[in-house]
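Structure first, commentary second.
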Amino acid sequence: MYIFLVTALTANSQLSGVSSPDGKIRISVDTKASLTYTVTVDNKIAVQPSVIDIELTNGIKLSGRLSVLGANTRSVSDTIIPSVADKRSRIPDVFNEIVIAFNGFTVTFRAYNDGVAYRINTAFKDSIIIKKEKAVFNFTPNSTLIAPVVHKRNDEDVYHTSFEELYEHDLLDSFTKKDIMFSPVLIEEDNIKIGLTESDVLDYPGMFLKGTGAFSLEGDLAPYPAEEQLTVADYPENIVTKRAGYIARTKGERSLPWRVLMIARDDKELPGNDMVYRLASPSVLTDVSWIHPGKCTDEWIIGINLFNVPFKTGVNTASYKYYIDFAKRFGFDRIMMDAGWSDYKDLFKINPNINMDTLAAYAKLRGIKISMWTLAAALNRQLDSALKQFKKWGVDFIMTDFIDRDDQKTVEFYERIAKACADAKLMIMFHGAYPPKGFNRTFPNNITRESVLGSEYNIWSDKPSPGHDLTLPFTRMLAGPMDYEPGILDNATKEQFRPINEKVMSQGTRCHQLAMFVVYDNPLQIFSGNPSQGYLEPEFMELLGSIPTTWDETKILDGKAGSYIITARQKGNSWFIGGMTDWTPRDIDIKLDFIDNGAYELASCTDGINADRYASDYSLTERLAKKNDSIHIHLAPGGGFMLRLVKK
């Protein structure tokens with residue numbers, strides 16, 4: 001339902017702004033000296049007056065054209081049916097909006113019950129070159145920030161990053177201009193939490209943020225690449241050696257990305273927030289019937305270090321047949337053939353130990369799909385021929401890796417690759433990539449992305465700690481699905497953990513790893529554990545294999561960023577509940593007041609009595625449960641749990 005209202009406004013007037021449908025959040029807009037907005041939540045200022053501006057290379061600025069020509073307001077109450085339901089199958093889209101017109105520009109402000117957003121729109125006849133965009137976000141004194149600060153690489157500028165960092169947590173004014181971070185970030189004010197990110201990033205650079213030494217952040221967009229060079233490395237990628245004096249060349253009439261502030265009174269309100277998806281452009285695909293979410297295996301993290309097998313393991317036909325059999329046995333849809341199946345730089349130089357025709361035929365016989373890793377530079381060069389070859393092998397999902405940029409030219413690469421894959425009816429996942437930020441709505445075949453410090457880091461570091469794992473649902477996950485690749489079956493306490501290549505272990509308990517399949521949004525979850533160990537624990541693997549990857553509804557029952565979370569997800573008549581904690585042991589009680597009446601078969605996987613010393617210890621039990629039952633669970637340090645409720 002749409003309600004439109006046209007409001008006449010005088011030049012240089014202070015605008016009344018717009019409020020959320022429930023009246024608790026308000027955006028107030030001012031054009032006296034510059035274009036600024038203020039956000040109040042529950043009658044308290046949450047975002048101090050913050051500046052919006054844009055400058056073209058011909059000298060035209062929004063701030064130089066602040067005579068208001070008029071404004072349109074509207075109220076919308078609608079429902080979005082997502083092509084891929086990573087949180088819920090029906091998304092309420094309810095907001096109030098004001099669009100303010102200036103000479104050559106309009107600015108749209110939108111207020112939801114769970115956040116606010118704005119975007120600049122340009123209205124010029126000819127194409128334009130955008131020199132810079134100014135996005136200032138001023139918060140209240142003593143606010144804190146949780147953010148992934150980029151660590152600059154040698155011989156590359158700070159805009160080159162794989163978007164995989166730990167999250168720093170400190171007072172906001174401790175972050176200075178040298179601290180460049182990617183979003184989402186989380187600002188914590190007195191009784192207010194604000195997730196700051198963007199949405200609908202198309203034909204435009206992504207927005208980094210930088211500190212100011214005060215209680216504010218400023219947008220920082222990578223300048224356009226003027227010169228590039230392909231690196232000489234095991235995994236070559238294009239780096240920018242010279243940047244232009246502008247951020248984007250684009251058409252004159254268009255909308256720029258949304259600047260998004262998700263607002264919560266409690267941490268637990270954030271992980272279920274889908275504002276970024278709501279704000280993104282609708283799908284450009286008319287037919288999505290060929291997009292099939294599900295579960296996949298991956299062998300790269302464990303180095304194909306299989307055991308109890310009668311063949312020599314490695315990147316070879318026998319090992320991949322083993323993975324296909326494992327996938328079939330435990331309810332997975334596909335396997336990934338990761339880096340090594342071909343020459344990294346040439347997708348047609350197949351590893352001589354692999355017979356792709358044999359594997360393709362075997363996978364088809366077993367009803368399992370094959371998925372392929374690619375190097376982005378190679379895929380870009382061999383795109384058309386490679387996609388045709390993948391289709392011949394029955395591949396329906398590919399990964400492309402080592403992109404590590406989000407300037408305008410790179411964003412155009414994402415769009416071109418996603419479109420080419422859609423034309424070939426292939427799903428794609430980007431690694432070494434910026435977060436989705438709504439791209440997965442516009443191109444639903446881009447079913448997931450990495451942009452997270454995940455399981456692979458266990459190979460060489462102690463970075464993916466339980467505290468890090470518990471930060472992600474309140475930060476990175478706000479921007480869309482993430483490919484963490486959980487499921488490591490060798491688990492360690494804090495004292496026991498060591499990064500060991502090909503004998504990879506995770507920090508925290510087995511149930512901590514299991515819970516990630518419920519807690520983390522990812523329509524195409526990838527299991528990174530050792531299948532040889534999985535075969536020794538069939539009941540555990542059957543439970544893991546039964547977990548859906550798309551959902552009818554998501555409820556965050558409780559949680560605190562960096563500390564713990566309890567997530568309940570509905571699929572049909574079944575519920576799956578996952579919980580995780582940091583290194584602090586916890587006792588929790590879950591009341592089943594959100595399920596329907598009737599009897600449910602409850603399967604529980606909880607930390608074992610000795611999980612505080614032997615982190616792989618777990619307990620599997622089954623019993624009946626019903627609405628309003630209370631379930632008591634103890635979580636070991638770094639622990640977790642998973643409950644499956646199936647209605648009888």
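Chain lettering (A, B, ...) mirrors the order of the structure tokens, residue numbering begins at 1 for each chain separately, and ligand numbering begins at 1 in order of display.
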Practice prompt. Enumerate as a ChimeraX atom specification all residues of segment 234-430 of chain A assigned to strand (DSSP E or B) by DSSP on the backbone, naming them with the chain letters and numbers the document uses.
Written response: /A:238-243,248-250,253-255,258-264,294-297,334-337,342-343,346-350,369-375,397-401,427-430
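Between Ile247 of chain A and the candidates A:Pro548, A:Gly213, A:Gly206, A:Pro21, the tightest atom-to-atom separation, counting only C-alpha atoms, involves A:Gly206.
Between atom CA of Lys152 of chain A and atom CA of Asp203 of chain A lies a distance of 25.0 Å.
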Fill in: Given only C-alpha atoms as the counted atoms, nearest of A:Tyr159, A:Phe137, A:Trp290, A:Phe330 to Tyr535 of chain A
A:Phe330
Determine which residues of segment 268-462 of chain A receive a DSSP assignment of alpha helix (DSSP H), computed from the backbone, and state them as a JSON list (two decimals) with N, CA, C and O atoms, in the first residue's frame.
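selection.json written:
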```json
[["chain", "number", "residue", "atom", "x", "y", "z"],
["A", 275, "MET", "N", 17.18, -4.70, 6.80],
["A", 275, "MET", "CA", 17.03, -3.41, 6.11],
["A", 275, "MET", "C", 17.85, -3.34, 4.83],
["A", 275, "MET", "O", 17.41, -2.78, 3.82],
["A", 276, "VAL", "N", 19.06, -3.87, 4.86],
["A", 276, "VAL", "CA", 19.94, -3.80, 3.69],
["A", 276, "VAL", "C", 19.28, -4.48, 2.50],
["A", 276, "VAL", "O", 19.32, -3.98, 1.38],
["A", 277, "TYR", "N", 18.65, -5.62, 2.73],
["A", 277, "TYR", "CA", 17.94, -6.33, 1.65],
["A", 277, "TYR", "C", 16.75, -5.51, 1.18],
["A", 277, "TYR", "O", 16.51, -5.37, -0.03],
["A", 278, "ARG", "N", 16.00, -4.93, 2.10],
["A", 278, "ARG", "CA", 14.81, -4.16, 1.73],
["A", 278, "ARG", "C", 15.16, -2.96, 0.85],
["A", 278, "ARG", "O", 14.40, -2.59, -0.05],
["A", 279, "LEU", "N", 16.32, -2.35, 1.11],
["A", 279, "LEU", "CA", 16.70, -1.14, 0.40],
["A", 279, "LEU", "C", 17.32, -1.41, -0.97],
["A", 279, "LEU", "O", 17.43, -0.50, -1.79],
["A", 317, "THR", "N", 41.06, -37.78, -8.52],
["A", 317, "THR", "CA", 39.71, -38.30, -8.80],
["A", 317, "THR", "C", 39.17, -39.12, -7.64],
["A", 317, "THR", "O", 38.00, -38.96, -7.24],
["A", 318, "ALA", "N", 39.99, -39.97, -7.05],
["A", 318, "ALA", "CA", 39.53, -40.84, -5.97],
["A", 318, "ALA", "C", 39.06, -40.03, -4.76],
["A", 318, "ALA", "O", 38.02, -40.34, -4.15],
["A", 319, "SER", "N", 39.79, -38.99, -4.41],
["A", 319, "SER", "CA", 39.41, -38.17, -3.25],
["A", 319, "SER", "C", 38.10, -37.44, -3.49],
["A", 319, "SER", "O", 37.24, -37.36, -2.60],
["A", 320, "TYR", "N", 37.91, -36.93, -4.69],
["A", 320, "TYR", "CA", 36.66, -36.23, -4.97],
["A", 320, "TYR", "C", 35.48, -37.20, -5.07],
["A", 320, "TYR", "O", 34.36, -36.83, -4.69],
["A", 321, "LYS", "N", 35.70, -38.41, -5.51],
["A", 321, "LYS", "CA", 34.63, -39.42, -5.45],
["A", 321, "LYS", "C", 34.23, -39.68, -4.00],
["A", 321, "LYS", "O", 33.05, -39.85, -3.68],
["A", 322, "TYR", "N", 35.22, -39.71, -3.14],
["A", 322, "TYR", "CA", 34.98, -39.91, -1.70],
["A", 322, "TYR", "C", 34.10, -38.78, -1.16],
["A", 322, "TYR", "O", 33.16, -39.01, -0.40],
["A", 323, "TYR", "N", 34.41, -37.55, -1.56],
["A", 323, "TYR", "CA", 33.59, -36.41, -1.12],
["A", 323, "TYR", "C", 32.17, -36.51, -1.67],
["A", 323, "TYR", "O", 31.20, -36.17, -0.98],
["A", 324, "ILE", "N", 32.03, -36.95, -2.89],
["A", 324, "ILE", "CA", 30.69, -37.12, -3.47],
["A", 324, "ILE", "C", 29.90, -38.15, -2.67],
["A", 324, "ILE", "O", 28.71, -37.94, -2.35],
["A", 325, "ASP", "N", 30.53, -39.27, -2.32],
["A", 325, "ASP", "CA", 29.85, -40.30, -1.52],
["A", 325, "ASP", "C", 29.47, -39.76, -0.14],
["A", 325, "ASP", "O", 28.39, -40.04, 0.38],
["A", 326, "PHE", "N", 30.37, -38.99, 0.45],
["A", 326, "PHE", "CA", 30.10, -38.39, 1.76],
["A", 326, "PHE", "C", 28.90, -37.45, 1.68],
["A", 326, "PHE", "O", 28.01, -37.47, 2.53],
["A", 327, "ALA", "N", 28.89, -36.60, 0.65],
["A", 327, "ALA", "CA", 27.77, -35.67, 0.48],
["A", 327, "ALA", "C", 26.45, -36.41, 0.35],
["A", 327, "ALA", "O", 25.44, -36.04, 0.96],
["A", 328, "LYS", "N", 26.45, -37.48, -0.44],
["A", 328, "LYS", "CA", 25.24, -38.27, -0.63],
["A", 328, "LYS", "C", 24.79, -38.90, 0.68],
["A", 328, "LYS", "O", 23.60, -38.91, 1.00],
["A", 329, "ARG", "N", 25.73, -39.42, 1.44],
["A", 329, "ARG", "CA", 25.41, -40.13, 2.69],
["A", 329, "ARG", "C", 24.77, -39.21, 3.72],
["A", 329, "ARG", "O", 23.86, -39.62, 4.45],
["A", 356, "MET", "N", 37.96, -35.09, -15.15],
["A", 356, "MET", "CA", 36.72, -34.37, -14.94],
["A", 356, "MET", "C", 35.52, -35.09, -15.54],
["A", 356, "MET", "O", 34.42, -35.05, -14.96],
["A", 357, "ASP", "N", 35.67, -35.75, -16.66],
["A", 357, "ASP", "CA", 34.55, -36.48, -17.25],
["A", 357, "ASP", "C", 34.09, -37.60, -16.32],
["A", 357, "ASP", "O", 32.89, -37.83, -16.13],
["A", 358, "THR", "N", 35.05, -38.30, -15.73],
["A", 358, "THR", "CA", 34.72, -39.38, -14.79],
["A", 358, "THR", "C", 34.00, -38.82, -13.56],
["A", 358, "THR", "O", 32.98, -39.37, -13.12],
["A", 359, "LEU", "N", 34.52, -37.72, -13.02],
["A", 359, "LEU", "CA", 33.90, -37.12, -11.83],
["A", 359, "LEU", "C", 32.50, -36.59, -12.14],
["A", 359, "LEU", "O", 31.57, -36.77, -11.34],
["A", 360, "ALA", "N", 32.35, -35.93, -13.27],
["A", 360, "ALA", "CA", 31.04, -35.39, -13.64],
["A", 360, "ALA", "C", 30.01, -36.50, -13.78],
["A", 360, "ALA", "O", 28.87, -36.37, -13.31],
["A", 361, "ALA", "N", 30.41, -37.59, -14.39],
["A", 361, "ALA", "CA", 29.49, -38.72, -14.56],
["A", 361, "ALA", "C", 29.15, -39.36, -13.21],
["A", 361, "ALA", "O", 28.00, -39.73, -12.96],
["A", 362, "TYR", "N", 30.16, -39.49, -12.35],
["A", 362, "TYR", "CA", 29.93, -40.11, -11.04],
["A", 362, "TYR", "C", 29.02, -39.23, -10.17],
["A", 362, "TYR", "O", 28.10, -39.73, -9.51],
["A", 363, "ALA", "N", 29.25, -37.93, -10.20],
["A", 363, "ALA", "CA", 28.41, -37.01, -9.43],
["A", 363, "ALA", "C", 26.97, -37.07, -9.92],
["A", 363, "ALA", "O", 26.02, -37.09, -9.12],
["A", 364, "LYS", "N", 26.78, -37.11, -11.23],
["A", 364, "LYS", "CA", 25.43, -37.18, -11.78],
["A", 364, "LYS", "C", 24.75, -38.47, -11.37],
["A", 364, "LYS", "O", 23.56, -38.47, -11.01],
["A", 365, "LEU", "N", 25.48, -39.58, -11.38],
["A", 365, "LEU", "CA", 24.94, -40.87, -10.97],
["A", 365, "LEU", "C", 24.49, -40.84, -9.52],
["A", 365, "LEU", "O", 23.45, -41.41, -9.17],
["A", 366, "ARG", "N", 25.23, -40.14, -8.67],
["A", 366, "ARG", "CA", 24.93, -40.09, -7.24],
["A", 366, "ARG", "C", 23.95, -38.96, -6.89],
["A", 366, "ARG", "O", 23.54, -38.83, -5.74],
["A", 376, "ALA", "N", 39.78, -15.07, -9.83],
["A", 376, "ALA", "CA", 39.01, -14.03, -10.50],
["A", 376, "ALA", "C", 39.69, -13.54, -11.78],
["A", 376, "ALA", "O", 39.03, -13.32, -12.80],
["A", 377, "ALA", "N", 41.01, -13.39, -11.74],
["A", 377, "ALA", "CA", 41.72, -12.91, -12.93],
["A", 377, "ALA", "C", 41.59, -13.89, -14.09],
["A", 377, "ALA", "O", 41.45, -13.49, -15.25],
["A", 378, "ALA", "N", 41.64, -15.20, -13.78],
["A", 378, "ALA", "CA", 41.49, -16.22, -14.82],
["A", 378, "ALA", "C", 40.05, -16.28, -15.32],
["A", 378, "ALA", "O", 39.81, -16.38, -16.54],
["A", 379, "LEU", "N", 39.09, -16.22, -14.42],
["A", 379, "LEU", "CA", 37.69, -16.26, -14.83],
["A", 379, "LEU", "C", 37.36, -15.07, -15.71],
["A", 379, "LEU", "O", 36.65, -15.20, -16.72],
["A", 380, "ASN", "N", 37.86, -13.91, -15.35],
["A", 380, "ASN", "CA", 37.61, -12.70, -16.13],
["A", 380, "ASN", "C", 38.14, -12.85, -17.55],
["A", 380, "ASN", "O", 37.48, -12.45, -18.52],
["A", 381, "ARG", "N", 39.30, -13.47, -17.69],
["A", 381, "ARG", "CA", 39.93, -13.61, -19.00],
["A", 381, "ARG", "C", 39.28, -14.71, -19.83],
["A", 381, "ARG", "O", 39.17, -14.61, -21.05],
["A", 383, "LEU", "N", 36.09, -16.08, -19.36],
["A", 383, "LEU", "CA", 34.73, -16.17, -18.86],
["A", 383, "LEU", "C", 33.80, -17.00, -19.75],
["A", 383, "LEU", "O", 33.23, -18.00, -19.29],
["A", 384, "ASP", "N", 33.61, -16.63, -20.98],
["A", 384, "ASP", "CA", 32.62, -17.29, -21.83],
["A", 384, "ASP", "C", 32.93, -18.77, -22.01],
["A", 384, "ASP", "O", 32.04, -19.63, -21.84],
["A", 385, "SER", "N", 34.16, -19.09, -22.35],
["A", 385, "SER", "CA", 34.51, -20.50, -22.58],
["A", 385, "SER", "C", 34.48, -21.30, -21.29],
["A", 385, "SER", "O", 34.08, -22.47, -21.28],
["A", 386, "ALA", "N", 34.86, -20.68, -20.18],
["A", 386, "ALA", "CA", 34.85, -21.40, -18.90],
["A", 386, "ALA", "C", 33.43, -21.74, -18.47],
["A", 386, "ALA", "O", 33.16, -22.87, -18.01],
["A", 387, "LEU", "N", 32.51, -20.80, -18.61],
["A", 387, "LEU", "CA", 31.13, -21.07, -18.20],
["A", 387, "LEU", "C", 30.51, -22.18, -19.04],
["A", 387, "LEU", "O", 29.76, -23.01, -18.52],
["A", 388, "LYS", "N", 30.84, -22.21, -20.31],
["A", 388, "LYS", "CA", 30.34, -23.29, -21.17],
["A", 388, "LYS", "C", 30.88, -24.64, -20.72],
["A", 388, "LYS", "O", 30.17, -25.65, -20.69],
["A", 389, "GLN", "N", 32.17, -24.66, -20.34],
["A", 389, "GLN", "CA", 32.76, -25.91, -19.88],
["A", 389, "GLN", "C", 32.14, -26.36, -18.56],
["A", 389, "GLN", "O", 31.86, -27.54, -18.37],
["A", 390, "PHE", "N", 31.92, -25.42, -17.66],
["A", 390, "PHE", "CA", 31.29, -25.76, -16.38],
["A", 390, "PHE", "C", 29.91, -26.40, -16.61],
["A", 390, "PHE", "O", 29.55, -27.38, -15.95],
["A", 391, "LYS", "N", 29.15, -25.83, -17.52],
["A", 391, "LYS", "CA", 27.82, -26.38, -17.79],
["A", 391, "LYS", "C", 27.91, -27.80, -18.33],
["A", 391, "LYS", "O", 27.09, -28.66, -18.00],
["A", 392, "LYS", "N", 28.90, -28.08, -19.15],
["A", 392, "LYS", "CA", 29.08, -29.44, -19.68],
["A", 392, "LYS", "C", 29.34, -30.44, -18.56],
["A", 392, "LYS", "O", 28.96, -31.60, -18.65],
["A", 408, "GLN", "N", 34.88, 1.58, -8.23],
["A", 408, "GLN", "CA", 33.79, 1.49, -9.22],
["A", 408, "GLN", "C", 34.07, 0.44, -10.29],
["A", 408, "GLN", "O", 33.18, -0.34, -10.66],
["A", 409, "LYS", "N", 35.30, 0.37, -10.77],
["A", 409, "LYS", "CA", 35.61, -0.59, -11.82],
["A", 409, "LYS", "C", 35.43, -2.02, -11.32],
["A", 409, "LYS", "O", 34.95, -2.89, -12.05],
["A", 410, "THR", "N", 35.78, -2.26, -10.07],
["A", 410, "THR", "CA", 35.63, -3.61, -9.51],
["A", 410, "THR", "C", 34.16, -3.94, -9.27],
["A", 410, "THR", "O", 33.73, -5.07, -9.51],
["A", 411, "VAL", "N", 33.38, -2.97, -8.80],
["A", 411, "VAL", "CA", 31.94, -3.20, -8.62],
["A", 411, "VAL", "C", 31.30, -3.57, -9.96],
["A", 411, "VAL", "O", 30.43, -4.44, -10.04],
["A", 412, "GLU", "N", 31.75, -2.92, -11.03],
["A", 412, "GLU", "CA", 31.25, -3.27, -12.37],
["A", 412, "GLU", "C", 31.64, -4.71, -12.73],
["A", 412, "GLU", "O", 30.87, -5.41, -13.41],
["A", 413, "PHE", "N", 32.80, -5.16, -12.28],
["A", 413, "PHE", "CA", 33.22, -6.55, -12.51],
["A", 413, "PHE", "C", 32.23, -7.51, -11.84],
["A", 413, "PHE", "O", 31.81, -8.51, -12.44],
["A", 414, "TYR", "N", 31.83, -7.23, -10.61],
["A", 414, "TYR", "CA", 30.85, -8.07, -9.91],
["A", 414, "TYR", "C", 29.55, -8.16, -10.71],
["A", 414, "TYR", "O", 28.98, -9.25, -10.86],
["A", 415, "GLU", "N", 29.09, -7.02, -11.19],
["A", 415, "GLU", "CA", 27.84, -7.01, -11.94],
["A", 415, "GLU", "C", 27.95, -7.82, -13.23],
["A", 415, "GLU", "O", 27.06, -8.60, -13.58],
["A", 416, "ARG", "N", 29.07, -7.64, -13.93],
["A", 416, "ARG", "CA", 29.26, -8.34, -15.21],
["A", 416, "ARG", "C", 29.37, -9.85, -15.00],
["A", 416, "ARG", "O", 28.77, -10.64, -15.74],
["A", 417, "ILE", "N", 30.12, -10.26, -14.00],
["A", 417, "ILE", "CA", 30.29, -11.69, -13.73],
["A", 417, "ILE", "C", 28.97, -12.30, -13.27],
["A", 417, "ILE", "O", 28.59, -13.40, -13.71],
["A", 418, "ALA", "N", 28.26, -11.61, -12.39],
["A", 418, "ALA", "CA", 26.98, -12.14, -11.90],
["A", 418, "ALA", "C", 25.99, -12.28, -13.04],
["A", 418, "ALA", "O", 25.24, -13.26, -13.10],
["A", 419, "LYS", "N", 25.96, -11.30, -13.94],
["A", 419, "LYS", "CA", 25.04, -11.38, -15.08],
["A", 419, "LYS", "C", 25.42, -12.53, -16.01],
["A", 419, "LYS", "O", 24.54, -13.28, -16.47],
["A", 420, "ALA", "N", 26.71, -12.68, -16.29],
["A", 420, "ALA", "CA", 27.14, -13.77, -17.17],
["A", 420, "ALA", "C", 26.80, -15.12, -16.57],
["A", 420, "ALA", "O", 26.35, -16.04, -17.26],
["A", 421, "CYS", "N", 27.00, -15.25, -15.27],
["A", 421, "CYS", "CA", 26.65, -16.51, -14.59],
["A", 421, "CYS", "C", 25.14, -16.74, -14.62],
["A", 421, "CYS", "O", 24.68, -17.87, -14.81],
["A", 422, "ALA", "N", 24.37, -15.68, -14.42],
["A", 422, "ALA", "CA", 22.91, -15.81, -14.48],
["A", 422, "ALA", "C", 22.46, -16.26, -15.86],
["A", 422, "ALA", "O", 21.57, -17.11, -16.00],
["A", 423, "ASP", "N", 23.07, -15.70, -16.91],
["A", 423, "ASP", "CA", 22.73, -16.10, -18.27],
["A", 423, "ASP", "C", 23.02, -17.58, -18.49],
["A", 423, "ASP", "O", 22.32, -18.26, -19.27],
["A", 439, "PHE", "N", 23.40, -6.68, -2.89],
["A", 439, "PHE", "CA", 23.66, -7.22, -4.23],
["A", 439, "PHE", "C", 22.96, -8.56, -4.41],
["A", 439, "PHE", "O", 22.54, -8.91, -5.52],
["A", 440, "ASN", "N", 22.82, -9.33, -3.33],
["A", 440, "ASN", "CA", 22.18, -10.65, -3.41],
["A", 440, "ASN", "C", 20.68, -10.55, -3.65],
["A", 440, "ASN", "O", 20.07, -11.56, -4.03],
["A", 441, "ARG", "N", 20.08, -9.40, -3.47],
["A", 441, "ARG", "CA", 18.68, -9.22, -3.88],
["A", 441, "ARG", "C", 18.62, -8.92, -5.37],
["A", 441, "ARG", "O", 17.78, -9.47, -6.09],
["A", 442, "THR", "N", 19.51, -8.06, -5.84],
["A", 442, "THR", "CA", 19.51, -7.65, -7.24],
["A", 442, "THR", "C", 19.95, -8.78, -8.16],
["A", 442, "THR", "O", 19.39, -8.98, -9.23]]
```
Once you count only C-alpha atoms, what closest atom pair and distance in Å to one decimal does each residue of segment 122-177 of chain A within 12 Å of segment 253-266 of chain A have, with rows by chain and rising residue number, as a Markdown table?
```
| residue | atom | partner | partner_atom | distance |
| --- | --- | --- | --- | --- |
| A:Thr122 | CA | A:Glu253 | CA | 5.1 |
| A:Ala123 | CA | A:Glu253 | CA | 4.4 |
| A:Phe124 | CA | A:Glu253 | CA | 5.4 |
| A:Lys125 | CA | A:Glu253 | CA | 6.8 |
| A:Asp126 | CA | A:Glu253 | CA | 8.0 |
| A:Ser127 | CA | A:Glu253 | CA | 7.8 |
| A:Ile128 | CA | A:Glu253 | CA | 8.8 |
| A:Ile129 | CA | A:Glu253 | CA | 11.9 |
| A:Ile130 | CA | A:Leu256 | CA | 10.8 |
| A:Glu133 | CA | A:Leu256 | CA | 10.0 |
| A:Lys134 | CA | A:Arg259 | CA | 11.2 |
| A:Ala135 | CA | A:Arg259 | CA | 8.3 |
| A:Val136 | CA | A:Arg259 | CA | 10.3 |
| A:Phe137 | CA | A:Leu261 | CA | 9.6 |
| A:Asn138 | CA | A:Leu261 | CA | 11.9 |
| A:Phe139 | CA | A:Leu261 | CA | 11.6 |
```
Fill in: Pairwise distance for atom CA of Ser619 of chain A and atom CA of Trp583 of chain A, rounded to one decimal in Å
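If I compute the distance from atom CA of Ser619 of chain A to atom CA of Trp583 of chain A, I get 19.4 Å.
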Worksheet item: Which neighbours of Ile526 of chain A fall inside 8 Å, counting only C-alpha atoms, when residues of the same chain fewer than 5 positions from it are skipped, and could you give them as an MDAnalysis selection string?
Response: chainID A and resid 295:298 483:486
Worksheet item: Do you have the atom CA of Asn445 of chain A-atom CA of Arg90 of chain A distance handy?
Response: 18.7 Å
Worksheet entry | Polymer residues at most 9 Å from Val646 of chain A, only C-alpha atoms, same-chain spacing of 5 or more positions, as a PyMOL selection string | chain A and resi 573-576+599-603
Restricting the output to N, CA, C and O atoms, write the selected residues as an mmCIF file, in the first residue's frame.
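What follows is the written file again18.cif:
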```
data_model
loop_
_atom_site.group_PDB
_atom_site.id
_atom_site.type_symbol
_atom_site.label_atom_id
_atom_site.label_comp_id
_atom_site.auth_asym_id
_atom_site.auth_seq_id
_atom_site.Cartn_x
_atom_site.Cartn_y
_atom_site.Cartn_z
ATOM 1 N N ASN A 573 7.134 -26.849 9.460
ATOM 2 C CA ASN A 573 6.663 -27.155 10.807
ATOM 3 C C ASN A 573 7.804 -27.445 11.778
ATOM 4 O O ASN A 573 7.560 -27.897 12.894
ATOM 5 N N SER A 574 9.021 -27.191 11.353
ATOM 6 C CA SER A 574 10.179 -27.494 12.191
ATOM 7 C C SER A 574 10.858 -26.209 12.655
ATOM 8 O O SER A 574 10.797 -25.172 11.990
ATOM 9 N N TRP A 575 11.514 -26.306 13.811
ATOM 10 C CA TRP A 575 12.318 -25.218 14.342
ATOM 11 C C TRP A 575 13.728 -25.716 14.627
ATOM 12 O O TRP A 575 13.914 -26.840 15.092
ATOM 13 N N PHE A 576 14.700 -24.865 14.343
ATOM 14 C CA PHE A 576 16.097 -25.143 14.664
ATOM 15 C C PHE A 576 16.602 -23.995 15.533
ATOM 16 O O PHE A 576 16.429 -22.826 15.174
ATOM 17 N N ALA A 599 2.783 -31.852 19.656
ATOM 18 C CA ALA A 599 4.005 -32.535 20.091
ATOM 19 C C ALA A 599 5.105 -32.391 19.045
ATOM 20 O O ALA A 599 4.849 -32.439 17.838
ATOM 21 N N TYR A 600 6.320 -32.220 19.523
ATOM 22 C CA TYR A 600 7.500 -32.106 18.666
ATOM 23 C C TYR A 600 8.529 -33.154 19.083
ATOM 24 O O TYR A 600 8.709 -33.431 20.280
ATOM 25 N N GLU A 601 9.213 -33.703 18.104
ATOM 26 C CA GLU A 601 10.368 -34.542 18.377
ATOM 27 C C GLU A 601 11.585 -33.639 18.503
ATOM 28 O O GLU A 601 11.933 -32.924 17.564
ATOM 29 N N LEU A 602 12.184 -33.649 19.673
ATOM 30 C CA LEU A 602 13.308 -32.765 19.964
ATOM 31 C C LEU A 602 14.612 -33.541 19.938
ATOM 32 O O LEU A 602 14.801 -34.488 20.714
ATOM 33 N N ALA A 603 15.516 -33.149 19.028
ATOM 34 C CA ALA A 603 16.874 -33.682 19.003
ATOM 35 C C ALA A 603 17.801 -32.586 19.508
ATOM 36 O O ALA A 603 17.781 -31.462 18.990
#
```
Worksheet item: With distances taken over only C-alpha atoms, which of A:Asp190, A:Ser67, A:Val18, A:Thr554 is nearest to Arg110 of chain A?
Response: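 Of A:Asp190, A:Ser67, A:Val18, A:Thr554, the one nearest Arg110 of chain A is A:Val18, counting only C-alpha atoms.
For segment 224-234 of chain A, the set of protein, DNA and RNA residues having any atom at most 6 Å away, when counting only C-alpha atoms and skipping those fewer than 4 positions along the same chain, is Asn238, Ile239, Val240, Thr241, Lys242, Arg243, Ala244 and Ile247 of chain A.
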Could you build a table of the residues in segment 297-330 of chain A lying no more than 9 Å from segment 488-501 of chain A, giving for each the nearest pair of atoms and their separation in Å rounded to one decimal place, using only C-alpha atoms, ordered by chain and ascending residue number, as CSV?
```
residue,atom,partner,partner_atom,distance
A:Ile301,CA,A:Asn501,CA,8.3
A:Ile302,CA,A:Asn501,CA,7.4
A:Gly303,CA,A:Asn501,CA,7.6
```
Go ahead and save the residues from that selection, with N, CA and C atoms, as a CSV table (one decimal), in the first residue's frame.
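The resulting result-v7.csv:
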```
chain,number,residue,atom,x,y,z
A,301,ILE,N,40.4,-26.4,3.4
A,301,ILE,CA,40.9,-26.1,4.7
A,301,ILE,C,41.6,-27.2,5.4
A,302,ILE,N,41.1,-28.5,5.2
A,302,ILE,CA,41.8,-29.6,5.8
A,302,ILE,C,42.9,-30.2,4.9
A,303,GLY,N,43.1,-29.6,3.7
A,303,GLY,CA,44.1,-30.1,2.8
A,303,GLY,C,43.9,-31.5,2.3
```
Discussion item. Using only C-alpha atoms, which protein or nucleic acid residues come within 9 Å of Arg476 of chain A? Drop anything in the same chain fewer than 5 positions from it, and give the result as number ranges by chain.
Written reply: A: 183-185, 435, 451-452, 471, 481-482
